[in-house]
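Have a look at the structure below, then the notes.
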Amino acid sequence: MQFSRKLSLLAAGLACAFAAHAQTVKETPNSQFKPTGKGWGELDNVATAASNGQAGGASRGASITNLSYHGGPVMVAPTNVYYIWYGSAWDTASKNVLTNLGQHLGGSPYFNINTTYYNGSNTHVQNSVTLAGSTTDSGSLGTRLTDANIASIVSSAITSGKLPADSNGVYVVLTDHSTTATSGFCTQYCGWHDHQTVSGKDIKYAFVGNAETQCASSCGATSPSPNGTPGADGAASVLAHEVEEAVTDPDLNAWYSNYDGSENADKCAWNFGTTSTASNGAKYNQTFGTMKYLIQQNWVIASTQKCLQHYP
Ligand SMILES: [Zn+2]
């Protein structure tokens with residue numbers, strides 16, 4: 001998630017965390033940025049050197065904040081999503097909210113926004129997502145997970161045979177509300193995506209945290225929430241965000257902005273567009289199956305680039 005886009009929902013104190021991060025990115029006039037998968041960019045020294053070698057360097061006009069293609073793979077085959085329920089505090093109602101989302105994201109007018117993205121052969125992303133499997137890890141690595149721990153939870157689920165090794169897969173580690181991620185859950189991000197090699201395959205994976213009881217105000221666990229499950233309802237938007245980024249920028253070298261390293265969903269983080277009010281008073285803007293959700297918009301790259309709730 002792009003932290004800067006969260007500021008409107010954040011308590012003022014958390015702005016400090018962003019400032020601290022900003023200091024780690026040393027921007028020069030011709031700096032080029034690449035994504036980290038966590039919603040912020042890091043300096044791309046190779047691209048910056050190339051840019052500085054050009055007369056006048058790269059243009060930094062308004063259009064450079066748009067996304068551009070950087071040559072890496074895009075997930076153009078039908079996408080399989082796998083859930084890893086981590087921790088012992090997941091309840092059935094909360095799991096239902098996220099399972100239903102995974103079962104209905106594919107084929108939706110919302111996910112269709114991603115079909116505007118393509119690879120170097122001009123093959124486009126398909127509006128096809130299947131929740132192809134799930135497994136549980138009741139907490140093998142404790143309640144404070146490092147990035148390496150999260151990578152290991154994914155690789156262990158594959159090498160142990162609980163989930164298949166699928167290069168068309170996006171493996172989502174869904175942590176329960178009593179688990180945190182120590183590289184910055186709640187202060188720097190609400191989720192992130194990355195990739196690693198497991199069993200000889202390029203495995204795309206994501207972390208999506210449950211903010212209930214930890215940081216409802218910063219990671220979107222609103223109350224009332226559309227399904228009466230604040231943690232899962234908040235995680236739903238983060239999950240959609242990370243899957244969209246994994247599909248269009250799986251190895252962090254395909255679709256992103258040179259300007260700040262932002263990926264498609266980062267451009268629209270916390271932008272919900274037009275909302276309706278459910279009978280319980282909760283705001284929502286999407287219906288998947290029979291369930292309502294408040295899901296962020298996503299960035300379309302048609303004739304113009306902008307945030308949309310659905311495409312076309
Ligand atoms: Zn993001």
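Simple scheme: letters A, B, ... for chains in structure tokens order, numbers from 1 for residues in each chain, numbers from 1 for ligands in the order shown.
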For the contact check between chain A and ligand 1, emit one row per residue of chain A within 8 Å, containing the shortest atom pair and the distance in Å rounded to one decimal, counting only C-alpha atoms and all ligand atoms, chain then rising number order, as a tab-separated table.
```
residue	atom	partner	partner_atom_place_in_ligand_line	distance
A:Met1	CA	ligand 1	1 (Zn)	3.6
A:Gln2	CA	ligand 1	1 (Zn)	5.3
A:Gly37	CA	ligand 1	1 (Zn)	6.1
A:Lys38	CA	ligand 1	1 (Zn)	5.6
A:Gly39	CA	ligand 1	1 (Zn)	4.1
A:Trp40	CA	ligand 1	1 (Zn)	7.8
A:Gly191	CA	ligand 1	1 (Zn)	7.4
A:Trp192	CA	ligand 1	1 (Zn)	6.2
A:His193	CA	ligand 1	1 (Zn)	7.6
A:His241	CA	ligand 1	1 (Zn)	6.2
A:Glu242	CA	ligand 1	1 (Zn)	6.0
A:Glu245	CA	ligand 1	1 (Zn)	6.4
A:Ser262	CA	ligand 1	1 (Zn)	7.0
A:Glu263	CA	ligand 1	1 (Zn)	6.1
A:Asn264	CA	ligand 1	1 (Zn)	7.4
A:Ala265	CA	ligand 1	1 (Zn)	5.5
A:Asp266	CA	ligand 1	1 (Zn)	4.4
A:Ala269	CA	ligand 1	1 (Zn)	7.6
```
Sel. of strand (DSSP E) residues, stretch 72-232 of chain A, as a compact mmCIF listing (two decimals) with all heavy atoms, in the first residue's frame:
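Full text of selection_13.txt as output:
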```txt
# COMPACT_ATOMS: atom_id res chain seq x y z
N THR A 79 -5.13 -16.16 -13.41
CA THR A 79 -4.42 -16.07 -12.13
C THR A 79 -5.07 -16.99 -11.09
O THR A 79 -6.30 -17.00 -10.95
CB THR A 79 -4.44 -14.62 -11.62
OG1 THR A 79 -3.77 -13.80 -12.58
CG2 THR A 79 -3.75 -14.50 -10.29
N ASN A 80 -4.25 -17.74 -10.40
CA ASN A 80 -4.71 -18.56 -9.28
C ASN A 80 -4.28 -17.89 -7.98
O ASN A 80 -3.09 -17.61 -7.79
CB ASN A 80 -4.10 -19.96 -9.35
CG ASN A 80 -4.59 -20.73 -10.56
OD1 ASN A 80 -5.78 -20.70 -10.87
ND2 ASN A 80 -3.68 -21.40 -11.25
N VAL A 81 -5.23 -17.65 -7.11
CA VAL A 81 -4.91 -17.08 -5.81
C VAL A 81 -4.97 -18.19 -4.77
O VAL A 81 -5.86 -19.06 -4.81
CB VAL A 81 -5.88 -15.92 -5.46
CG1 VAL A 81 -5.72 -15.47 -4.02
CG2 VAL A 81 -5.64 -14.74 -6.41
N TYR A 82 -3.99 -18.18 -3.88
CA TYR A 82 -3.94 -19.14 -2.77
C TYR A 82 -3.89 -18.37 -1.46
O TYR A 82 -3.14 -17.41 -1.34
CB TYR A 82 -2.68 -20.02 -2.88
CG TYR A 82 -2.63 -20.83 -4.15
CD1 TYR A 82 -1.96 -20.35 -5.28
CD2 TYR A 82 -3.26 -22.07 -4.25
CE1 TYR A 82 -1.92 -21.07 -6.46
CE2 TYR A 82 -3.22 -22.81 -5.42
CZ TYR A 82 -2.55 -22.31 -6.53
OH TYR A 82 -2.51 -23.02 -7.69
N TYR A 83 -4.69 -18.77 -0.51
CA TYR A 83 -4.70 -18.12 0.80
C TYR A 83 -3.95 -18.99 1.81
O TYR A 83 -4.14 -20.21 1.86
CB TYR A 83 -6.13 -17.96 1.33
CG TYR A 83 -6.97 -16.89 0.64
CD1 TYR A 83 -8.33 -16.77 0.97
CD2 TYR A 83 -6.43 -15.99 -0.30
CE1 TYR A 83 -9.12 -15.79 0.38
CE2 TYR A 83 -7.22 -15.02 -0.89
CZ TYR A 83 -8.57 -14.92 -0.56
OH TYR A 83 -9.37 -13.97 -1.14
N ILE A 84 -3.16 -18.32 2.61
CA ILE A 84 -2.56 -18.98 3.78
C ILE A 84 -3.07 -18.24 5.01
O ILE A 84 -2.70 -17.08 5.26
CB ILE A 84 -1.01 -18.93 3.72
CG1 ILE A 84 -0.51 -19.63 2.44
CG2 ILE A 84 -0.42 -19.59 4.98
CD1 ILE A 84 0.97 -19.45 2.17
N TRP A 85 -3.97 -18.87 5.73
CA TRP A 85 -4.54 -18.27 6.95
C TRP A 85 -3.54 -18.47 8.07
O TRP A 85 -3.34 -19.59 8.53
CB TRP A 85 -5.87 -18.93 7.31
CG TRP A 85 -6.91 -18.86 6.24
CD1 TRP A 85 -7.25 -19.84 5.35
CD2 TRP A 85 -7.76 -17.74 5.94
NE1 TRP A 85 -8.26 -19.40 4.53
CE2 TRP A 85 -8.59 -18.11 4.86
CE3 TRP A 85 -7.90 -16.45 6.48
CZ2 TRP A 85 -9.55 -17.26 4.32
CZ3 TRP A 85 -8.83 -15.60 5.94
CH2 TRP A 85 -9.65 -15.99 4.88
N TYR A 86 -2.93 -17.37 8.51
CA TYR A 86 -1.88 -17.47 9.52
C TYR A 86 -2.40 -16.98 10.88
O TYR A 86 -2.98 -15.90 10.97
CB TYR A 86 -0.65 -16.65 9.11
CG TYR A 86 0.49 -16.82 10.08
CD1 TYR A 86 1.44 -17.82 9.89
CD2 TYR A 86 0.59 -16.01 11.20
CE1 TYR A 86 2.47 -18.01 10.80
CE2 TYR A 86 1.61 -16.19 12.13
CZ TYR A 86 2.55 -17.19 11.92
OH TYR A 86 3.57 -17.38 12.83
N VAL A 129 -9.54 -14.76 -12.29
CA VAL A 129 -8.90 -15.05 -11.00
C VAL A 129 -9.67 -16.19 -10.35
O VAL A 129 -10.91 -16.13 -10.26
CB VAL A 129 -8.94 -13.82 -10.05
CG1 VAL A 129 -8.33 -14.16 -8.70
CG2 VAL A 129 -8.24 -12.63 -10.68
N THR A 130 -8.96 -17.21 -9.95
CA THR A 130 -9.59 -18.34 -9.26
C THR A 130 -8.98 -18.47 -7.87
O THR A 130 -7.75 -18.43 -7.74
CB THR A 130 -9.34 -19.65 -10.03
OG1 THR A 130 -9.88 -19.51 -11.35
CG2 THR A 130 -10.01 -20.84 -9.33
N LEU A 131 -9.81 -18.59 -6.86
CA LEU A 131 -9.29 -18.95 -5.54
C LEU A 131 -9.02 -20.45 -5.59
O LEU A 131 -9.93 -21.26 -5.45
CB LEU A 131 -10.29 -18.59 -4.44
CG LEU A 131 -9.82 -18.88 -3.01
CD1 LEU A 131 -8.50 -18.20 -2.69
CD2 LEU A 131 -10.89 -18.46 -2.01
N ALA A 132 -7.76 -20.79 -5.87
CA ALA A 132 -7.43 -22.17 -6.25
C ALA A 132 -7.06 -23.05 -5.08
O ALA A 132 -6.94 -24.27 -5.25
CB ALA A 132 -6.29 -22.14 -7.27
N GLY A 133 -6.88 -22.47 -3.91
CA GLY A 133 -6.55 -23.30 -2.76
C GLY A 133 -6.32 -22.45 -1.53
O GLY A 133 -6.11 -21.24 -1.62
N SER A 134 -6.37 -23.10 -0.40
CA SER A 134 -6.04 -22.40 0.84
C SER A 134 -5.51 -23.41 1.84
O SER A 134 -5.76 -24.61 1.74
CB SER A 134 -7.27 -21.68 1.41
OG SER A 134 -8.24 -22.61 1.81
N THR A 135 -4.76 -22.89 2.79
CA THR A 135 -4.23 -23.74 3.85
C THR A 135 -4.11 -22.89 5.11
O THR A 135 -4.33 -21.68 5.07
CB THR A 135 -2.87 -24.36 3.46
OG1 THR A 135 -2.48 -25.31 4.46
CG2 THR A 135 -1.79 -23.29 3.32
N THR A 136 -3.78 -23.52 6.20
CA THR A 136 -3.67 -22.79 7.46
C THR A 136 -2.28 -23.01 8.07
O THR A 136 -1.64 -24.05 7.86
CB THR A 136 -4.73 -23.26 8.48
OG1 THR A 136 -4.59 -24.67 8.66
CG2 THR A 136 -6.14 -22.97 7.98
N ASP A 137 -1.84 -21.99 8.78
CA ASP A 137 -0.63 -22.09 9.61
C ASP A 137 -1.03 -21.42 10.91
O ASP A 137 -1.23 -20.20 10.96
CB ASP A 137 0.52 -21.35 8.93
CG ASP A 137 1.81 -21.40 9.74
OD1 ASP A 137 1.72 -21.43 11.00
OD2 ASP A 137 2.89 -21.40 9.13
N ARG A 144 5.04 -12.02 15.62
CA ARG A 144 5.77 -10.85 15.09
C ARG A 144 6.62 -11.32 13.93
O ARG A 144 7.73 -11.83 14.12
CB ARG A 144 6.62 -10.20 16.19
CG ARG A 144 5.77 -9.63 17.34
CD ARG A 144 6.66 -9.05 18.46
NE ARG A 144 7.67 -8.12 17.93
CZ ARG A 144 7.41 -6.85 17.59
NH1 ARG A 144 6.20 -6.36 17.72
NH2 ARG A 144 8.37 -6.08 17.11
N LEU A 145 6.10 -11.14 12.72
CA LEU A 145 6.73 -11.74 11.55
C LEU A 145 7.64 -10.75 10.82
O LEU A 145 7.23 -9.63 10.51
CB LEU A 145 5.65 -12.23 10.58
CG LEU A 145 4.65 -13.25 11.14
CD1 LEU A 145 3.58 -13.57 10.09
CD2 LEU A 145 5.36 -14.51 11.61
N GLY A 169 0.37 -18.33 -9.81
CA GLY A 169 -0.30 -18.13 -8.53
C GLY A 169 0.12 -16.84 -7.85
O GLY A 169 1.21 -16.31 -8.07
N VAL A 170 -0.76 -16.33 -6.99
CA VAL A 170 -0.43 -15.28 -6.04
C VAL A 170 -0.80 -15.84 -4.67
O VAL A 170 -1.98 -16.13 -4.42
CB VAL A 170 -1.21 -13.97 -6.31
CG1 VAL A 170 -0.84 -12.91 -5.27
CG2 VAL A 170 -0.94 -13.45 -7.72
N TYR A 171 0.21 -16.01 -3.83
CA TYR A 171 0.02 -16.62 -2.51
C TYR A 171 -0.11 -15.50 -1.49
O TYR A 171 0.81 -14.69 -1.34
CB TYR A 171 1.23 -17.50 -2.18
CG TYR A 171 1.40 -18.67 -3.12
CD1 TYR A 171 1.91 -18.47 -4.41
CD2 TYR A 171 1.04 -19.96 -2.75
CE1 TYR A 171 2.06 -19.53 -5.30
CE2 TYR A 171 1.18 -21.03 -3.63
CZ TYR A 171 1.69 -20.81 -4.89
OH TYR A 171 1.82 -21.85 -5.77
N VAL A 172 -1.24 -15.46 -0.81
CA VAL A 172 -1.51 -14.35 0.10
C VAL A 172 -1.45 -14.86 1.54
O VAL A 172 -2.24 -15.73 1.94
CB VAL A 172 -2.90 -13.72 -0.16
CG1 VAL A 172 -3.08 -12.49 0.71
CG2 VAL A 172 -3.04 -13.36 -1.64
N VAL A 173 -0.50 -14.32 2.29
CA VAL A 173 -0.42 -14.63 3.72
C VAL A 173 -1.35 -13.68 4.45
O VAL A 173 -1.11 -12.46 4.50
CB VAL A 173 1.03 -14.48 4.25
CG1 VAL A 173 1.08 -14.75 5.75
CG2 VAL A 173 1.97 -15.43 3.50
N LEU A 174 -2.43 -14.22 4.97
CA LEU A 174 -3.45 -13.45 5.69
C LEU A 174 -3.22 -13.67 7.18
O LEU A 174 -3.53 -14.74 7.71
CB LEU A 174 -4.84 -13.92 5.27
CG LEU A 174 -5.25 -13.57 3.84
CD1 LEU A 174 -6.28 -14.55 3.30
CD2 LEU A 174 -5.78 -12.14 3.78
N THR A 175 -2.68 -12.66 7.84
CA THR A 175 -2.40 -12.82 9.26
C THR A 175 -3.61 -12.43 10.10
O THR A 175 -4.38 -11.54 9.71
CB THR A 175 -1.19 -11.97 9.69
OG1 THR A 175 -1.38 -10.62 9.26
CG2 THR A 175 0.09 -12.52 9.08
N THR A 180 1.45 -9.38 13.82
CA THR A 180 1.89 -8.17 13.11
C THR A 180 3.10 -8.50 12.25
O THR A 180 3.69 -9.58 12.36
CB THR A 180 2.23 -7.03 14.12
OG1 THR A 180 2.34 -5.81 13.38
CG2 THR A 180 3.50 -7.31 14.87
N ALA A 181 3.43 -7.57 11.36
CA ALA A 181 4.62 -7.70 10.52
C ALA A 181 5.58 -6.59 10.93
O ALA A 181 5.22 -5.41 10.92
CB ALA A 181 4.25 -7.58 9.04
N GLY A 191 -0.22 -3.76 3.67
CA GLY A 191 0.08 -5.01 2.97
C GLY A 191 1.20 -4.76 1.99
O GLY A 191 1.59 -3.60 1.78
N TRP A 192 1.75 -5.79 1.43
CA TRP A 192 2.76 -5.65 0.38
C TRP A 192 2.83 -6.91 -0.44
O TRP A 192 2.26 -7.95 -0.07
CB TRP A 192 4.13 -5.30 0.96
CG TRP A 192 4.64 -6.12 2.10
CD1 TRP A 192 4.60 -5.79 3.43
CD2 TRP A 192 5.31 -7.41 2.05
NE1 TRP A 192 5.18 -6.79 4.19
CE2 TRP A 192 5.63 -7.78 3.37
CE3 TRP A 192 5.68 -8.27 1.02
CZ2 TRP A 192 6.28 -8.99 3.68
CZ3 TRP A 192 6.33 -9.47 1.32
CH2 TRP A 192 6.62 -9.81 2.65
N HIS A 193 3.53 -6.84 -1.58
CA HIS A 193 3.73 -8.04 -2.40
C HIS A 193 5.18 -8.12 -2.84
O HIS A 193 5.89 -7.12 -2.88
CB HIS A 193 2.78 -8.05 -3.61
CG HIS A 193 3.16 -7.09 -4.69
ND1 HIS A 193 3.79 -7.48 -5.85
CD2 HIS A 193 3.02 -5.75 -4.77
CE1 HIS A 193 4.00 -6.41 -6.61
NE2 HIS A 193 3.54 -5.35 -5.99
N ASP A 194 5.61 -9.34 -3.15
CA ASP A 194 7.00 -9.58 -3.55
C ASP A 194 7.01 -10.89 -4.34
O ASP A 194 5.95 -11.46 -4.64
CB ASP A 194 7.89 -9.65 -2.30
CG ASP A 194 9.35 -9.30 -2.60
OD1 ASP A 194 9.77 -9.38 -3.77
OD2 ASP A 194 10.07 -8.97 -1.64
N HIS A 195 8.20 -11.39 -4.65
CA HIS A 195 8.30 -12.69 -5.31
C HIS A 195 9.58 -13.38 -4.85
O HIS A 195 10.51 -12.74 -4.36
CB HIS A 195 8.27 -12.54 -6.85
CG HIS A 195 9.51 -11.92 -7.42
ND1 HIS A 195 10.33 -12.54 -8.33
CD2 HIS A 195 10.10 -10.71 -7.18
CE1 HIS A 195 11.34 -11.75 -8.65
NE2 HIS A 195 11.22 -10.63 -7.98
N GLN A 196 9.61 -14.68 -4.98
CA GLN A 196 10.78 -15.47 -4.61
C GLN A 196 10.75 -16.76 -5.42
O GLN A 196 9.71 -17.16 -5.94
CB GLN A 196 10.77 -15.81 -3.11
CG GLN A 196 9.55 -16.66 -2.69
CD GLN A 196 9.59 -17.06 -1.22
OE1 GLN A 196 10.64 -17.18 -0.63
NE2 GLN A 196 8.41 -17.28 -0.64
N THR A 197 11.91 -17.39 -5.53
CA THR A 197 11.98 -18.67 -6.23
C THR A 197 11.75 -19.80 -5.24
O THR A 197 12.42 -19.88 -4.20
CB THR A 197 13.34 -18.84 -6.93
OG1 THR A 197 13.52 -17.77 -7.85
CG2 THR A 197 13.40 -20.17 -7.68
N VAL A 198 10.77 -20.66 -5.54
CA VAL A 198 10.49 -21.84 -4.71
C VAL A 198 10.31 -23.01 -5.67
O VAL A 198 9.56 -22.90 -6.65
CB VAL A 198 9.21 -21.67 -3.87
CG1 VAL A 198 8.95 -22.92 -3.01
CG2 VAL A 198 9.28 -20.43 -2.99
N LYS A 201 10.44 -22.27 -9.32
CA LYS A 201 9.43 -21.42 -9.96
C LYS A 201 9.42 -20.03 -9.34
O LYS A 201 9.75 -19.87 -8.16
CB LYS A 201 8.04 -22.06 -9.83
CG LYS A 201 7.97 -23.37 -10.58
CD LYS A 201 6.56 -23.87 -10.73
CE LYS A 201 6.55 -25.07 -11.68
NZ LYS A 201 5.29 -25.80 -11.65
N ASP A 202 9.04 -19.05 -10.15
CA ASP A 202 8.92 -17.67 -9.67
C ASP A 202 7.57 -17.55 -8.95
O ASP A 202 6.52 -17.50 -9.58
CB ASP A 202 9.00 -16.69 -10.85
CG ASP A 202 8.95 -15.24 -10.38
OD1 ASP A 202 9.51 -14.96 -9.30
OD2 ASP A 202 8.34 -14.41 -11.08
N ILE A 203 7.63 -17.52 -7.64
CA ILE A 203 6.41 -17.54 -6.82
C ILE A 203 6.09 -16.13 -6.34
O ILE A 203 6.88 -15.49 -5.65
CB ILE A 203 6.60 -18.49 -5.61
CG1 ILE A 203 6.79 -19.93 -6.09
CG2 ILE A 203 5.42 -18.37 -4.64
CD1 ILE A 203 5.62 -20.53 -6.83
N LYS A 204 4.92 -15.64 -6.76
CA LYS A 204 4.47 -14.32 -6.35
C LYS A 204 3.69 -14.46 -5.04
O LYS A 204 2.87 -15.37 -4.90
CB LYS A 204 3.55 -13.71 -7.42
CG LYS A 204 4.31 -13.05 -8.57
CD LYS A 204 5.12 -13.98 -9.44
CE LYS A 204 4.26 -14.78 -10.38
NZ LYS A 204 5.12 -15.58 -11.35
N TYR A 205 3.93 -13.56 -4.10
CA TYR A 205 3.24 -13.68 -2.83
C TYR A 205 3.00 -12.30 -2.23
O TYR A 205 3.58 -11.30 -2.66
CB TYR A 205 4.00 -14.59 -1.85
CG TYR A 205 5.33 -14.05 -1.37
CD1 TYR A 205 5.44 -13.47 -0.10
CD2 TYR A 205 6.46 -14.09 -2.18
CE1 TYR A 205 6.65 -12.98 0.36
CE2 TYR A 205 7.68 -13.60 -1.73
CZ TYR A 205 7.77 -13.04 -0.46
OH TYR A 205 8.97 -12.55 -0.02
N ALA A 206 2.11 -12.27 -1.25
CA ALA A 206 1.73 -11.00 -0.64
C ALA A 206 1.48 -11.21 0.85
O ALA A 206 1.14 -12.31 1.30
CB ALA A 206 0.48 -10.43 -1.30
N PHE A 207 1.66 -10.14 1.58
CA PHE A 207 1.26 -10.08 2.98
C PHE A 207 0.05 -9.15 3.08
O PHE A 207 0.06 -8.05 2.53
CB PHE A 207 2.40 -9.53 3.85
CG PHE A 207 1.93 -8.99 5.18
CD1 PHE A 207 1.62 -9.86 6.22
CD2 PHE A 207 1.75 -7.63 5.38
CE1 PHE A 207 1.15 -9.37 7.43
CE2 PHE A 207 1.28 -7.13 6.58
CZ PHE A 207 0.99 -8.00 7.62
N VAL A 208 -0.99 -9.60 3.76
CA VAL A 208 -2.16 -8.75 4.04
C VAL A 208 -2.48 -8.91 5.52
O VAL A 208 -2.77 -10.01 5.99
CB VAL A 208 -3.38 -9.15 3.18
CG1 VAL A 208 -4.62 -8.37 3.60
CG2 VAL A 208 -3.09 -8.92 1.70
```
Tell me which protein, DNA and RNA residues are within 9 Å of A:Ala302, counting only C-alpha atoms, leaving out same-chain ones fewer than 3 positions away, and put them as a VMD selection string.
-> chain A and resid 116 to 117 305 to 306
With only C-alpha atoms as the atoms that count, which of A:Ser279, A:Asn119, A:Asn210, A:Ser217 lies nearest to A:Leu98?
-> A:Asn210
Rounded to one decimal place, report the atom CA of A:Asn271-atom CA of A:Tyr293 distance in Å.
->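 Going from atom CA of A:Asn271 over to atom CA of A:Tyr293, I get 13.5 Å.
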Any idea what's packed within 9 Å of A:His177, counting only C-alpha atoms, ignoring anything in its chain fewer than 6 positions away? Could you give it as a list in words?
-> Gly87, Ala89, Trp90, Gly209, Asn210, Ala211, Glu212, Thr213, Gln214 and Gly231 of chain A
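Residues lying within 8 Å of A:Asn112, counting only C-alpha atoms and ignoring same-chain neighbours fewer than 2 positions away, are Gly107, Ser108, Pro109, Tyr110, Asn114, Thr115, Thr116, Gln126, Asn127, His310, Tyr311 and Pro312 of chain A.
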What's the 8 Å shell around A:Pro73, counting only C-alpha atoms, without same-chain residues fewer than 5 positions away, as a PyMOL selection string?
-> chain A and resi 119-120+249-251+253-254
Could the residues in this selection be saved with N, CA, C and O atoms as an mmCIF file, in the first residue's frame?
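The file below, again-v3.cif, is the result:
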```
data_model
loop_
_atom_site.group_PDB
_atom_site.id
_atom_site.type_symbol
_atom_site.label_atom_id
_atom_site.label_comp_id
_atom_site.auth_asym_id
_atom_site.auth_seq_id
_atom_site.Cartn_x
_atom_site.Cartn_y
_atom_site.Cartn_z
ATOM 1 N N ASN A 119 2.036 -7.170 -21.638
ATOM 2 C CA ASN A 119 3.480 -7.425 -21.567
ATOM 3 C C ASN A 119 4.166 -6.984 -22.866
ATOM 4 O O ASN A 119 3.553 -6.343 -23.729
ATOM 5 N N GLY A 120 5.428 -7.356 -23.028
ATOM 6 C CA GLY A 120 6.216 -6.927 -24.175
ATOM 7 C C GLY A 120 5.734 -7.505 -25.492
ATOM 8 O O GLY A 120 6.101 -7.016 -26.566
ATOM 9 N N ASP A 249 2.615 -6.247 -11.960
ATOM 10 C CA ASP A 249 4.028 -5.971 -11.669
ATOM 11 C C ASP A 249 4.597 -7.074 -10.774
ATOM 12 O O ASP A 249 5.123 -6.813 -9.692
ATOM 13 N N PRO A 250 4.493 -8.334 -11.250
ATOM 14 C CA PRO A 250 4.791 -9.474 -10.374
ATOM 15 C C PRO A 250 6.219 -9.510 -9.839
ATOM 16 O O PRO A 250 6.440 -9.902 -8.698
ATOM 17 N N ASP A 251 7.177 -9.102 -10.667
ATOM 18 C CA ASP A 251 8.577 -9.151 -10.243
ATOM 19 C C ASP A 251 9.141 -7.759 -9.976
ATOM 20 O O ASP A 251 10.354 -7.562 -9.931
ATOM 21 N N ASN A 253 9.240 -5.217 -11.862
ATOM 22 C CA ASN A 253 9.995 -4.639 -12.987
ATOM 23 C C ASN A 253 9.136 -4.515 -14.242
ATOM 24 O O ASN A 253 9.644 -4.528 -15.351
ATOM 25 N N ALA A 254 7.813 -4.390 -14.065
ATOM 26 C CA ALA A 254 6.919 -4.277 -15.229
ATOM 27 C C ALA A 254 6.211 -2.912 -15.219
ATOM 28 O O ALA A 254 6.750 -1.937 -15.732
#
```
Please run DSSP on the backbone and report, as a PyMOL selection string, all residues within stretch 139-223 of chain A that come out as alpha helix (DSSP H).
-> chain A and resi 147-159+216-219
Surrounding residues of A:Ser237 excluding itself and chain neighbours under 6 positions, 8 Å, only C-alpha atoms, as a list in words |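 These residues fall inside the cut-off: Tyr293, Leu294, Ile295 and Gln296 of chain A.
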